[in-house]
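Colleague: I'd like to ask you about the structure that follows.
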Amino acid sequence: MEDHIGTALKARDEQILTLSAQGLSSRAIAHRLSLSLAVVKHCRAGALLKLGAPLTGREQEVAELAAQGLTSAEISQKIGLSERTIEVHRYRLMKKLGARNAVELALQYHKMETEALHAQIAELQANVARLEAEAAVLRGKSECAAASPTN
């Protein structure tokens with residue numbers, strides 16, 4: 001049962017990351033998947049961190065809004081933190097992502113998300129290959145059992 005729960009969470013994370021890569025905001029993803037905004041942000045941040053993204057959940061949130069072109073003041077109003085706190089998050093984001101300005105921050109953020117999605121796709125492809133190999137082995141065993149004479 002634990003594996004089933006883990007698989008379901010991975011599927012939801014994959015959905016969220018896929019929609020995010022298509023350019024949907026966290027709010028639009030939440031609406032489309034009938035999830036709360038907090039759940040979408042948490043799953044998205046968690047999935048990106050699992051894939052090696054170096055951002056905290058709050059940094060992820062600020063990066064997403066900054067990549068949409070919002071100013072620190074607009075982000076501050078939108079998420080209910082002081083403008084100074086947002087500026088600190090943006091500064092840390094720029095350092096972590098190697099960006100020198102807001103445009104580079106947006107580009108690096110989207111690049112990071114794209115790389116995370118590529119890593120997830122590679123993992124899924126490896127899982128598919130493993131399952132196909134297991135299915136081939138099972139088919140072979142089934143054919144052997146059907147071909148052997150019964151006593």
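Within each chain, counting starts at residue 1; across the structure tokens, chains are named A, B, ... in the order shown, with ligands numbered 1 upward in that order.
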Neighbouring residues of A:Thr85 were defined as those with any atom within 10 Å, considering only C-alpha atoms; residues of the same chain fewer than 4 positions away were excluded. Please report them as a list of chain:residue names.
Modeller: A:Ser72, A:Ser76, A:Leu81, A:His89, A:Arg90, A:Tyr91
Colleague: Env of stretch 31-45 of chain A: 7 Å cut, atoms = only C-alpha atoms, seq-sep filter 2 positions within chain, self excluded. Answer as a ChimeraX atom specification.
Modeller: /A:13,16-17,26-29,47-49,57,60
Colleague: For stretch 103-114 of chain A, work out the shell of residues within 8 Å, counting only C-alpha atoms and skipping chain neighbours fewer than 5 positions away, then give it as a compact mmCIF listing (two decimals) with C-alpha atoms, in the first residue's frame.
Modeller:
# COMPACT_ATOMS: atom_id res chain seq x y z
CA ALA A 21 6.77 23.59 -17.88
CA LEU A 48 12.05 20.14 -7.92
CA ALA A 53 16.75 22.00 -7.54
CA ALA A 63 11.24 32.87 -8.48
CA GLU A 64 8.02 31.86 -10.22
CA ALA A 66 9.66 37.11 -10.63
CA ALA A 67 9.87 35.00 -13.80
CA GLN A 68 6.35 36.22 -14.62
CA LEU A 93 17.89 33.44 -5.91
CA MET A 94 20.16 35.47 -8.16
CA LEU A 97 21.06 30.70 -10.07
CA GLY A 98 23.97 32.83 -11.22
Colleague: Select from chain A everything DSSP, run on the backbone, classes as alpha helix (DSSP H), then give the selection as an MDAnalysis selection string.
Modeller: chainID A and resid 2:21 26:33 37:50 57:67 72:79 83:97 102:147
